[in-house]
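Shown here: run_35.txt, compact mmCIF, C-alpha atoms.
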```txt
# COMPACT_ATOMS: atom_id res chain seq x y z
CA MET A 1 71.84 -88.99 67.85
CA GLY A 2 69.13 -86.80 66.36
CA GLU A 3 70.54 -87.27 62.87
CA TYR A 4 70.61 -91.05 63.40
CA LEU A 5 66.91 -91.17 64.32
CA GLN A 6 66.11 -88.85 61.44
CA ASN A 7 67.81 -91.23 59.02
CA ILE A 8 65.81 -94.15 60.37
CA TRP A 9 62.59 -92.19 59.95
CA ALA A 10 63.56 -91.11 56.45
CA SER A 11 64.21 -94.70 55.38
CA ILE A 12 60.90 -95.94 56.82
CA SER A 13 58.80 -93.07 55.47
CA SER A 14 60.33 -93.15 52.00
CA SER A 15 59.74 -96.88 51.64
CA LEU A 16 56.16 -96.36 52.85
CA VAL A 17 55.62 -93.71 50.18
CA GLY A 18 56.99 -96.05 47.55
CA MET A 19 54.93 -98.99 48.71
CA SER A 20 51.77 -96.87 48.80
CA ILE A 21 52.21 -96.17 45.08
CA THR A 22 52.69 -99.89 44.50
CA LEU A 23 49.55 -100.61 46.52
CA LYS A 24 47.61 -98.05 44.53
CA HIS A 25 48.61 -99.78 41.29
CA LEU A 26 47.71 -103.13 42.76
CA LEU A 27 44.22 -101.97 43.66
CA LEU A 28 43.64 -100.20 40.35
CA ILE A 29 45.06 -103.07 38.32
CA ARG A 30 42.28 -103.17 35.71
CA LYS A 31 41.87 -99.39 35.45
CA GLY A 32 45.12 -97.58 35.07
CA ASN A 33 47.50 -100.15 33.63
CA VAL A 34 48.74 -100.11 30.07
CA THR A 35 49.72 -103.76 29.77
CA LEU A 36 47.70 -105.88 27.39
CA GLN A 37 46.71 -109.13 29.08
CA TYR A 38 47.34 -110.86 25.79
CA PRO A 39 45.73 -114.30 25.70
CA GLU A 40 42.61 -112.93 27.40
CA GLU A 41 42.29 -109.68 25.47
CA LYS A 42 43.45 -108.36 22.14
CA TRP A 43 43.69 -104.93 20.69
CA PRO A 44 41.41 -104.06 17.82
CA ARG A 45 43.08 -103.34 14.52
CA PRO A 46 44.07 -99.67 14.43
CA GLU A 47 42.19 -97.60 11.89
CA ARG A 48 45.04 -96.03 9.98
CA ASN A 49 44.55 -93.19 7.57
CA ILE A 50 46.42 -94.29 4.48
CA GLY A 51 44.78 -91.99 1.98
CA PHE A 52 42.23 -94.55 0.81
CA ASP A 53 38.92 -95.61 2.18
CA HIS A 54 39.70 -98.35 4.61
CA LYS A 55 36.90 -100.63 3.44
CA ASP A 56 38.12 -100.75 -0.14
CA TYR A 57 41.78 -101.47 0.38
CA ASN A 58 42.94 -104.48 2.24
CA VAL A 59 46.17 -103.36 3.87
CA ILE A 60 46.14 -105.73 6.77
CA ARG A 61 49.17 -107.84 7.64
CA SER A 62 47.85 -111.25 8.53
CA LYS A 63 47.54 -114.76 7.12
CA LEU A 64 46.90 -115.03 3.38
CA HIS A 65 43.80 -116.87 2.32
CA VAL A 66 42.49 -118.01 -1.05
CA ASP A 67 38.91 -118.81 -1.92
CA MET A 68 39.58 -121.66 -4.33
CA ASP A 69 35.98 -121.66 -5.61
CA ASP A 70 36.67 -118.28 -7.19
CA CYS A 71 40.23 -118.84 -8.43
CA ILE A 72 40.62 -119.01 -12.22
CA GLY A 73 44.36 -119.74 -12.22
CA CYS A 74 45.46 -116.53 -13.93
CA TYR A 75 48.90 -116.36 -12.20
CA LYS A 76 48.47 -112.65 -11.56
CA CYS A 77 49.12 -112.98 -7.84
CA ALA A 78 52.14 -115.23 -8.42
CA ARG A 79 53.63 -112.70 -10.83
CA ALA A 80 52.97 -109.82 -8.47
CA CYS A 81 54.58 -111.54 -5.52
CA PRO A 82 58.01 -109.95 -4.98
CA VAL A 83 59.36 -112.97 -3.14
CA ASP A 84 57.68 -115.72 -5.22
CA CYS A 85 56.02 -117.40 -2.27
CA ILE A 86 52.89 -118.30 -4.26
CA LYS A 87 53.31 -121.46 -6.33
CA ILE A 88 50.62 -122.25 -8.87
CA GLU A 89 50.31 -125.09 -11.38
CA THR A 90 47.40 -125.39 -13.76
CA ILE A 91 46.07 -127.84 -16.34
CA LYS A 92 44.24 -126.70 -19.42
CA VAL A 93 40.93 -128.50 -19.72
CA PRO A 94 39.65 -129.68 -23.13
CA LYS A 95 37.43 -127.32 -25.07
CA GLY A 96 33.80 -127.40 -24.15
CA THR A 97 34.16 -128.85 -20.70
CA ASP A 98 32.50 -126.96 -17.92
CA ILE A 99 34.40 -126.72 -14.65
CA GLY A 100 32.20 -124.10 -13.11
CA THR A 101 32.02 -120.37 -12.78
CA THR A 102 33.19 -118.00 -10.11
CA SER A 103 31.01 -115.80 -8.00
CA ASN A 104 31.70 -112.96 -10.46
CA ASP A 105 30.24 -115.15 -13.29
CA THR A 106 33.62 -115.67 -14.93
CA LYS A 107 33.98 -119.02 -16.65
CA LYS A 108 36.86 -121.11 -15.32
CA ARG A 109 39.19 -122.39 -18.03
CA LEU A 110 42.09 -123.81 -16.08
CA LEU A 111 42.18 -126.51 -13.48
CA VAL A 112 44.32 -125.31 -10.58
CA THR A 113 46.17 -128.41 -9.45
CA ARG A 114 48.54 -126.67 -7.10
CA PHE A 115 48.12 -123.45 -5.15
CA ASP A 116 50.67 -123.35 -2.36
CA ILE A 117 51.43 -120.32 -0.26
CA ASP A 118 54.52 -120.55 1.90
CA MET A 119 53.83 -118.22 4.80
CA THR A 120 57.45 -118.50 5.96
CA GLU A 121 58.52 -116.67 2.82
CA CYS A 122 55.66 -114.19 2.65
CA MET A 123 56.54 -110.62 3.53
CA TYR A 124 52.95 -109.45 4.03
CA CYS A 125 53.09 -106.70 1.41
CA ASN A 126 49.54 -107.26 0.08
CA LEU A 127 50.77 -106.88 -3.51
CA CYS A 128 49.07 -110.13 -4.52
CA VAL A 129 45.71 -108.85 -3.29
CA TYR A 130 45.30 -105.94 -5.71
CA PRO A 131 45.76 -107.60 -9.15
CA CYS A 132 43.37 -110.51 -8.49
CA PRO A 133 40.47 -110.11 -10.94
CA GLU A 134 38.15 -112.31 -8.90
CA GLU A 135 39.18 -110.89 -5.52
CA CYS A 136 39.74 -114.37 -4.18
CA ILE A 137 43.17 -113.92 -2.58
CA PHE A 138 43.31 -111.68 0.45
CA MET A 139 44.71 -111.31 3.90
CA THR A 140 42.26 -112.48 6.54
CA GLY A 141 40.50 -109.68 8.29
CA GLY A 142 39.94 -106.44 6.40
CA PRO A 143 36.99 -106.28 3.98
CA ASN A 144 36.43 -110.04 4.20
CA SER A 145 36.55 -110.13 8.00
CA SER A 146 32.96 -111.33 8.22
CA LYS A 147 33.89 -114.49 6.30
CA HIS A 148 37.45 -114.90 7.53
CA PRO A 149 38.26 -113.30 10.87
CA ILE A 150 41.71 -111.84 11.33
CA ASP A 151 44.37 -114.44 12.11
CA TYR A 152 47.94 -113.40 12.68
CA GLU A 153 48.94 -115.85 15.40
CA PHE A 154 49.66 -119.15 13.70
CA SER A 155 53.04 -120.29 14.95
CA GLU A 156 53.90 -123.93 14.41
CA TYR A 157 56.21 -126.60 15.79
CA ASN A 158 57.15 -127.69 12.27
CA ARG A 159 58.16 -125.56 9.34
CA GLU A 160 56.03 -127.67 7.00
CA GLY A 161 52.96 -126.56 8.92
CA LEU A 162 53.39 -123.04 7.60
CA MET A 163 53.05 -124.21 3.98
CA TYR A 164 49.40 -123.80 3.11
CA PRO A 165 48.11 -125.86 0.18
CA PHE A 166 44.86 -124.37 -1.06
CA ALA A 167 44.24 -126.49 -4.18
CA THR A 168 41.10 -128.56 -3.86
CA VAL A 169 41.36 -130.54 -7.11
CA THR A 170 41.39 -134.29 -6.59
CA GLN A 171 43.54 -136.76 -8.54
CA GLU A 172 40.40 -138.23 -10.07
CA GLU A 173 39.47 -134.87 -11.59
CA ILE A 174 42.98 -134.41 -13.01
CA ASP A 175 42.82 -137.87 -14.62
CA ARG A 176 39.39 -137.13 -16.07
CA TYR A 177 40.54 -133.99 -17.81
CA THR A 178 43.99 -135.11 -18.94
CA ASP A 179 43.02 -138.57 -20.31
CA SER A 180 40.15 -137.36 -22.44
CA GLU A 181 39.43 -138.58 -25.97
CA THR A 182 40.06 -135.24 -27.67
CA PRO A 183 43.60 -135.73 -28.98
CA GLU A 184 44.28 -132.14 -30.03
CA LYS A 185 44.51 -130.50 -26.59
CA PRO A 186 45.25 -133.03 -23.91
CA ALA A 187 48.69 -131.64 -23.18
CA GLU A 188 49.53 -130.60 -19.69
CA LYS A 189 50.53 -126.98 -19.60
CA GLU A 190 52.67 -126.12 -16.67
CA GLU A 191 54.19 -122.80 -15.96
CA THR A 192 56.60 -122.32 -13.16
CA ALA A 193 55.80 -119.21 -11.25
CA MET B 1 70.36 -132.43 34.21
CA GLY B 2 72.79 -134.61 32.38
CA LEU B 3 73.23 -136.91 35.40
CA LEU B 4 69.54 -137.53 35.98
CA GLU B 5 67.98 -137.20 32.58
CA ASP B 6 66.41 -140.32 31.04
CA LYS B 7 67.62 -142.45 33.95
CA PHE B 8 64.49 -143.55 35.80
CA GLU B 9 61.72 -146.05 35.23
CA ASP B 10 58.24 -144.59 35.06
CA ASN B 11 56.61 -144.68 38.48
CA ILE B 12 54.51 -142.36 40.61
CA ILE B 13 57.42 -140.53 42.28
CA VAL B 14 59.34 -139.96 39.09
CA ALA B 15 56.21 -138.85 37.29
CA SER B 16 55.37 -136.22 39.89
CA PHE B 17 58.98 -134.98 39.95
CA ASP B 18 58.80 -134.80 36.19
CA LYS B 19 55.70 -132.67 36.41
CA ILE B 20 57.28 -130.29 38.93
CA LEU B 21 60.44 -130.01 36.84
CA SER B 22 58.68 -129.33 33.57
CA TRP B 23 56.33 -126.88 35.27
CA ALA B 24 59.27 -124.98 36.73
CA ARG B 25 61.03 -124.95 33.39
CA SER B 26 57.98 -123.83 31.46
CA THR B 27 57.05 -120.95 33.74
CA SER B 28 60.49 -119.32 33.76
CA PRO B 29 62.07 -119.58 30.32
CA TRP B 30 64.56 -116.74 30.42
CA PHE B 31 65.31 -115.66 26.92
CA PHE B 32 68.53 -114.74 25.27
CA GLN B 33 68.36 -111.46 23.42
CA PHE B 34 69.31 -112.20 19.88
CA GLY B 35 68.02 -109.33 17.80
CA LEU B 36 69.56 -109.35 14.35
CA ALA B 37 67.29 -107.17 12.21
CA CYS B 38 63.92 -105.46 12.23
CA CYS B 39 62.33 -108.32 14.20
CA ALA B 40 64.43 -107.11 17.13
CA ILE B 41 62.28 -103.97 17.25
CA GLU B 42 59.19 -106.10 17.75
CA LEU B 43 61.09 -108.17 20.29
CA MET B 44 61.86 -104.98 22.20
CA ALA B 45 58.23 -103.92 21.97
CA THR B 46 57.19 -107.30 23.34
CA GLY B 47 59.54 -106.91 26.28
CA ALA B 48 58.34 -103.39 27.05
CA SER B 49 55.47 -102.52 29.32
CA ARG B 50 52.67 -102.65 26.76
CA HIS B 51 53.00 -106.38 26.23
CA ASP B 52 55.35 -107.19 29.10
CA LEU B 53 57.06 -110.54 28.59
CA SER B 54 57.75 -110.77 32.34
CA ARG B 55 54.05 -111.52 32.70
CA ILE B 56 54.68 -115.03 31.39
CA GLY B 57 57.95 -115.43 33.29
CA MET B 58 60.40 -114.40 30.61
CA ILE B 59 63.29 -112.17 31.59
CA PRO B 60 65.82 -110.98 29.02
CA ARG B 61 69.37 -112.15 29.66
CA SER B 62 72.39 -110.93 27.81
CA SER B 63 74.56 -113.97 28.40
CA PRO B 64 73.98 -117.36 26.82
CA ARG B 65 74.97 -119.09 30.06
CA GLN B 66 71.97 -117.67 31.92
CA ALA B 67 69.40 -118.21 29.21
CA ASP B 68 67.01 -121.06 28.41
CA VAL B 69 65.42 -119.81 25.22
CA MET B 70 67.15 -118.23 22.28
CA ILE B 71 64.84 -116.05 20.22
CA VAL B 72 66.50 -115.72 16.83
CA ALA B 73 64.91 -112.50 15.66
CA GLY B 74 65.92 -111.42 12.21
CA THR B 75 67.93 -112.16 9.11
CA VAL B 76 70.63 -114.75 9.75
CA THR B 77 73.57 -114.03 7.51
CA MET B 78 76.18 -116.67 6.72
CA LYS B 79 78.66 -114.87 8.96
CA MET B 80 76.21 -114.69 11.85
CA ALA B 81 75.24 -118.36 11.50
CA LEU B 82 78.61 -119.44 12.87
CA ARG B 83 78.12 -117.17 15.88
CA ILE B 84 74.60 -118.48 16.42
CA LYS B 85 75.91 -122.02 16.51
CA LYS B 86 78.66 -121.01 18.94
CA LEU B 87 76.28 -119.15 21.24
CA TYR B 88 73.77 -121.99 21.12
CA GLU B 89 76.43 -124.42 22.23
CA GLN B 90 77.32 -122.13 25.13
CA MET B 91 73.78 -122.22 26.49
CA ALA B 92 73.12 -124.60 29.36
CA ASP B 93 70.68 -127.49 28.95
CA PRO B 94 67.68 -127.52 28.68
CA LYS B 95 67.77 -125.07 25.79
CA TYR B 96 65.15 -124.07 23.28
CA VAL B 97 65.19 -122.00 20.13
CA ILE B 98 62.43 -119.84 18.70
CA SER B 99 62.72 -118.81 15.08
CA MET B 100 61.02 -115.44 14.87
CA GLY B 101 59.93 -114.03 11.57
CA SER B 102 60.21 -115.03 7.95
CA CYS B 103 63.95 -114.42 7.58
CA ALA B 104 65.00 -116.66 10.43
CA THR B 105 62.54 -119.39 9.46
CA SER B 106 63.31 -119.82 5.77
CA GLY B 107 65.33 -116.87 4.54
CA GLY B 108 62.14 -114.88 3.99
CA PRO B 109 62.40 -112.38 1.14
CA TYR B 110 65.96 -113.59 0.55
CA TRP B 111 65.04 -117.25 0.09
CA GLN B 112 65.62 -117.18 -3.65
CA TYR B 113 68.37 -114.73 -4.47
CA GLY B 114 69.93 -113.94 -1.10
CA TYR B 115 73.53 -115.00 -1.57
CA HIS B 116 74.45 -114.01 1.97
CA VAL B 117 71.48 -115.26 3.97
CA LEU B 118 71.13 -118.60 5.66
CA LYS B 119 67.98 -120.30 4.35
CA GLY B 120 66.45 -121.05 7.70
CA VAL B 121 68.09 -121.09 11.10
CA ASP B 122 67.08 -124.75 11.51
CA ILE B 123 70.07 -125.63 9.34
CA VAL B 124 72.44 -124.78 12.20
CA VAL B 125 70.38 -125.16 15.40
CA PRO B 126 67.27 -127.23 16.20
CA VAL B 127 64.22 -124.96 16.30
CA ASP B 128 61.27 -125.61 18.60
CA VAL B 129 58.70 -123.04 17.52
CA TYR B 130 58.42 -121.13 14.25
CA VAL B 131 56.71 -117.76 14.59
CA PRO B 132 55.54 -116.44 11.20
CA GLY B 133 55.33 -112.78 10.37
CA CYS B 134 57.45 -110.14 8.73
CA PRO B 135 58.00 -109.00 11.43
CA PRO B 136 55.53 -110.78 13.72
CA ARG B 137 53.33 -108.64 15.89
CA PRO B 138 54.11 -108.81 19.63
CA GLU B 139 50.91 -110.80 20.08
CA SER B 140 52.14 -113.39 17.58
CA LEU B 141 55.44 -113.71 19.42
CA ILE B 142 53.71 -114.14 22.78
CA GLU B 143 51.48 -116.78 21.22
CA GLY B 144 54.59 -118.61 20.00
CA LEU B 145 56.13 -118.39 23.45
CA ILE B 146 52.97 -119.77 25.03
CA LYS B 147 53.16 -122.64 22.54
CA LEU B 148 56.76 -123.24 23.61
CA GLN B 149 55.67 -123.26 27.25
CA GLU B 150 53.06 -125.90 26.40
CA LYS B 151 55.74 -127.96 24.71
CA ILE B 152 58.05 -127.71 27.74
CA LEU B 153 55.17 -128.57 30.06
CA ASN B 154 54.51 -131.81 28.19
CA GLU B 155 58.12 -132.96 28.43
CA ARG B 156 59.11 -135.81 30.74
CA PRO B 157 62.76 -135.05 31.51
CA LEU B 158 63.53 -137.77 34.08
CA THR B 159 61.62 -140.71 32.66
CA LYS B 160 63.40 -143.21 30.43
CA LYS B 161 62.28 -142.85 26.87
CA ALA B 162 60.91 -145.94 25.24
CA ALA B 163 63.54 -147.16 22.81
```
Write the structure described by the file as structure tokens, please.
Amino acid sequence: MGEYLQNIWASISSSLVGMSITLKHLLLIRKGNVTLQYPEEKWPRPERNIGFDHKDYNVIRSKLHVDMDDCIGCYKCARACPVDCIKIETIKVPKGTDIGTTSNDTKKRLLVTRFDIDMTECMYCNLCVYPCPEECIFMTGGPNSSKHPIDYEFSEYNREGLMYPFATVTQEEIDRYTDSETPEKPAEKEETA
Amino acid sequence: MGLLEDKFEDNIIVASFDKILSWARSTSPWFFQFGLACCAIELMATGASRHDLSRIGMIPRSSPRQADVMIVAGTVTMKMALRIKKLYEQMADPKYVISMGSCATSGGPYWQYGYHVLKGVDIVVPVDVYVPGCPPRPESLIEGLIKLQEKILNERPLTKKAA
């Protein structure tokens, strides 16, 4: 009989001990928990020590972005890309025409008619970022985070939505430069990346 | 739901039942563990206590019969594609598919020369949400799952669709 009552007491007391721990966690829910309440809060990007100064090297893994005002169409990023997810097409403009300069005061010589980045094929290796002479292709966040805040959540309902066309050239501009009077260099030069 | 789906005219009772049904579906999409490659590590991290998928009502199931959402996480090889199709057909309706990561979405790094990789899991099964990343961070995956929940919430399962 005594053992029977002891067992009853043990079952009640042990569940009370367990529930008191649960209650403690319930009351301290915002203090001691480790779970990230994701849509409300996000973790800051961890400062990793990679051997370089963090400000100089953009090693972030987020959405690629191109500042088309600065792009000169040099294909360096497309050649560096190990998976060929950057597709560029350019048109050579006739001699003497001015299509603007970049923010580094480099004269633009090619009209970039197509600059597509397929983020479904990208493997976020940052290898396109380093060779760019105008520093116009980069992952959002990192050194350019003041202009382009970090963006790594961009899931889509359609696969086409993950293809990002960056080219800003209009059809009118293409017609103006290809149908010019100078007969020596009107040819369209296209290079498949 | 095969007996009742798309069977009723739109009226106030059907509409409210629709809302209850889609709410119940959207807040408990149990997912089918389908880790195939490195994305599975991020999927595990998402399920663990730091990010805690149970917070948004998702419980991992190991059987296709008990699952609502299949998260295809990783490189889909030609051999695995047949199994994916088979497992997808074993899931009970309503069923949803999330393509997680570059490889599952389009072949990823293997899209050009990968002789053994399926170029996108949407060739064999219909995909609802594409989560980009290589692999996606747990936050990206949760964002994709929240998008899927929004999609389920906007569905009208009982109402007749306009032809």
From A:Asp116, A:Glu153, A:Glu89, A:Asp69, residue lying nearest Cys136 of chain A [all atoms listed in the file] =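 Of the candidates, the smallest distance to Cys136 of chain A is held by A:Asp69.
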Residues of chain B within 8 Å of chain A, all atoms listed in the file counted, as JSON, numbers by chain | {"B": [49, 50, 51, 52, 101, 102, 103, 105, 106, 107, 108, 109, 110, 111, 112, 128, 129, 130, 131, 132, 133, 134, 137, 139, 140, 141, 142, 143, 144, 147]}
Ref. answer, residues at most 9 Å from (44.4, -115.6, 6.5) with all atoms listed in the file, as a short mmCIF file (atom, residue, chain, number, x, y, z; two decimals) with C-alpha atoms, keeping the file's coordinate frame:
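New file point29.cif:
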```cif
data_model
loop_
_atom_site.label_atom_id
_atom_site.label_comp_id
_atom_site.auth_asym_id
_atom_site.auth_seq_id
_atom_site.Cartn_x
_atom_site.Cartn_y
_atom_site.Cartn_z
CA SER A 62 47.85 -111.25 8.53
CA LYS A 63 47.54 -114.76 7.12
CA LEU A 64 46.90 -115.03 3.38
CA HIS A 65 43.80 -116.87 2.32
CA VAL A 66 42.49 -118.01 -1.05
CA PHE A 138 43.31 -111.68 0.45
CA MET A 139 44.71 -111.31 3.90
CA THR A 140 42.26 -112.48 6.54
CA GLY A 141 40.50 -109.68 8.29
CA HIS A 148 37.45 -114.90 7.53
CA PRO A 149 38.26 -113.30 10.87
CA ILE A 150 41.71 -111.84 11.33
CA ASP A 151 44.37 -114.44 12.11
CA TYR A 152 47.94 -113.40 12.68
#
```
Name the residues in contact with Lys19 of chain B at a cut-off of 12 Å, using all atoms listed in the file, excluding same-chain residues fewer than 6 positions from it; report them as JSON, numbers by chain.
-> {"B": [12, 13, 25, 26, 152, 153, 154, 155, 156, 157, 158, 159]}
Skip segment 77-81 of chain A itself and residues of its chain fewer than 6 positions away, then list as number ranges by chain all residues within 7 Å of it, counting only C-alpha atoms.
-> A: 87, 127-128, 131-132, 193
Mind pulling up the distance from atom CA of Pro138 of chain B to atom CA of Leu36 of chain B?
->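 Interatomic distance, atom CA of Leu36 of chain B to atom CA of Pro138 of chain B: 16.3 Å.
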Which residues, written as JSON, numbers by chain, have at least one atom at most 10 Å from segment 96-106 of chain A, with all atoms listed in the file counted and residues fewer than 3 positions away on the same chain left out?
-> {"A": [68, 69, 70, 71, 72, 93, 109, 110, 111, 133, 134, 135, 136, 177]}
Nearest to Ala40 of chain B by atom-to-atom distance, counting only C-alpha atoms, from B:Met78, B:Met58, B:Val125, B:Ala73 | B:Ala73
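Atom CA of Met70 of chain B is positioned 9.5 Å from atom CA of Val127 of chain B.
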For atom CA of Thr178 of chain A and atom CA of Lys95 of chain A, quote the distance in Å rounded to one decimal.
->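 Between these atoms lies a distance of 11.9 Å.
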